[in-house]
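*Asks:* Let me give you the structure first, and then I'll get to my questions.
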Amino acid sequence: MKRILLPFVSALIASNIFAAPISFDEAKRARGGVPMYDVVTLSKYLDQHMGERIAVLCHSRGKDIHHLKPNWYESSVWQPDPEKKGKFANVRVMIAKKDLDAFKSMPTAASGDAIILHGRVEHDVEAHFSFLRLVSRNALL
């Protein structure tokens, strides 16, 4: 029995089937290979990017921050819509409790500075909405 199980277990370990889930520690990674979208474009096609890691170019965050789950907060990021004068486009985001202070440091009023946020597009089945789960923030452009 040991002769049969040992090669099988070795093959499973070598193929990383039992490996820990991938950590999205974007703060330590370069942007290489991650597609970047502006909020106007992403708000129209958010569901098409489900499960993808992306970068988002925005200008401000929403003023309202809601505590939806024990360790998660919900808000939004905004950008002026060039097609509609005086209007804005937004994308809903989820922020981990540990990253809330960094998110609050973003401006709530649209400024000339663009901010790059990295995240993963996900869907909350219980609440029936898609969102960007933020994982890091780059410097202002």
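All residue names refer to the structure tokens as shown: chains lettered A, B, ... in order, residues numbered from 1 in each chain, ligands numbered from 1 in order.
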Using only C-alpha atoms, which residues of segment 30-49 of chain A come within 12 Å of segment 85-93 of chain A, and what is the closest atom pair for each, with the distance in Å to one decimal? Give it as JSON lines, sorted by chain and residue number.
*Replies:*
```
{"residue": "A:Tyr37", "atom": "CA", "partner": "A:Val91", "partner_atom": "CA", "distance": 11.4}
{"residue": "A:Asp38", "atom": "CA", "partner": "A:Ala89", "partner_atom": "CA", "distance": 9.5}
{"residue": "A:Val39", "atom": "CA", "partner": "A:Asn90", "partner_atom": "CA", "distance": 6.1}
{"residue": "A:Val40", "atom": "CA", "partner": "A:Ala89", "partner_atom": "CA", "distance": 5.2}
{"residue": "A:Thr41", "atom": "CA", "partner": "A:Ala89", "partner_atom": "CA", "distance": 8.7}
{"residue": "A:Leu42", "atom": "CA", "partner": "A:Val91", "partner_atom": "CA", "distance": 7.4}
{"residue": "A:Ser43", "atom": "CA", "partner": "A:Val91", "partner_atom": "CA", "distance": 5.5}
{"residue": "A:Lys44", "atom": "CA", "partner": "A:Ala89", "partner_atom": "CA", "distance": 9.1}
{"residue": "A:Tyr45", "atom": "CA", "partner": "A:Val91", "partner_atom": "CA", "distance": 10.4}
{"residue": "A:Leu46", "atom": "CA", "partner": "A:Val91", "partner_atom": "CA", "distance": 8.2}
{"residue": "A:Asp47", "atom": "CA", "partner": "A:Val91", "partner_atom": "CA", "distance": 11.3}
```
*Asks:* Enumerate, in order of chain and increasing residue number, the residues of segment 26-60 of chain A with an atom no farther than 6 Å from segment 106-128 of chain A, each with its shortest atom pair and distance in Å to one decimal, counting only C-alpha atoms, as JSON lines.
*Replies:*
```
{"residue": "A:Met50", "atom": "CA", "partner": "A:Val121", "partner_atom": "CA", "distance": 5.0}
{"residue": "A:Gly51", "atom": "CA", "partner": "A:Val121", "partner_atom": "CA", "distance": 5.2}
{"residue": "A:Glu52", "atom": "CA", "partner": "A:Arg120", "partner_atom": "CA", "distance": 5.5}
{"residue": "A:Arg53", "atom": "CA", "partner": "A:Arg120", "partner_atom": "CA", "distance": 4.3}
{"residue": "A:Ile54", "atom": "CA", "partner": "A:Gly119", "partner_atom": "CA", "distance": 5.7}
{"residue": "A:Ala55", "atom": "CA", "partner": "A:His118", "partner_atom": "CA", "distance": 4.4}
{"residue": "A:Val56", "atom": "CA", "partner": "A:Leu117", "partner_atom": "CA", "distance": 5.2}
{"residue": "A:Leu57", "atom": "CA", "partner": "A:Ile116", "partner_atom": "CA", "distance": 4.7}
{"residue": "A:Cys58", "atom": "CA", "partner": "A:Ile115", "partner_atom": "CA", "distance": 5.3}
{"residue": "A:His59", "atom": "CA", "partner": "A:Ala114", "partner_atom": "CA", "distance": 4.9}
{"residue": "A:Ser60", "atom": "CA", "partner": "A:Thr108", "partner_atom": "CA", "distance": 5.1}
```
*Asks:* Can you check which residues of segment 9-137 of chain A DSSP gives as strand (DSSP E) on the backbone and send them as a ChimeraX atom specification?
*Replies:* /A:36-38,53-58,60-61,66-69,72-80,88-96,115-124,129-137
*Asks:* Would you pick out the contacts of Ala96 of chain A at 7 Å or less, using only C-alpha atoms, so that residues sharing its chain but fewer than 4 positions from it are not included, and give the list as a VMD selection string?
*Replies:* chain A and resid 71 to 73 100
*Asks:* Generate the output file for the selected residues, N, CA and C atoms, as a compact mmCIF listing (two decimals), in the first residue's frame.
*Replies:*
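Saved result, selection_12.txt, follows:
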```txt
# COMPACT_ATOMS: atom_id res chain seq x y z
N ASN A 71 -15.00 42.28 8.36
CA ASN A 71 -13.69 42.85 8.06
C ASN A 71 -13.65 43.60 6.73
N TRP A 72 -14.81 43.95 6.18
CA TRP A 72 -14.87 44.58 4.87
C TRP A 72 -15.77 45.81 4.88
N TYR A 73 -15.34 46.82 4.14
CA TYR A 73 -16.08 48.07 3.99
C TYR A 73 -16.36 48.30 2.51
N LEU A 100 -8.39 50.37 5.48
CA LEU A 100 -9.38 51.44 5.50
C LEU A 100 -8.75 52.83 5.67
```
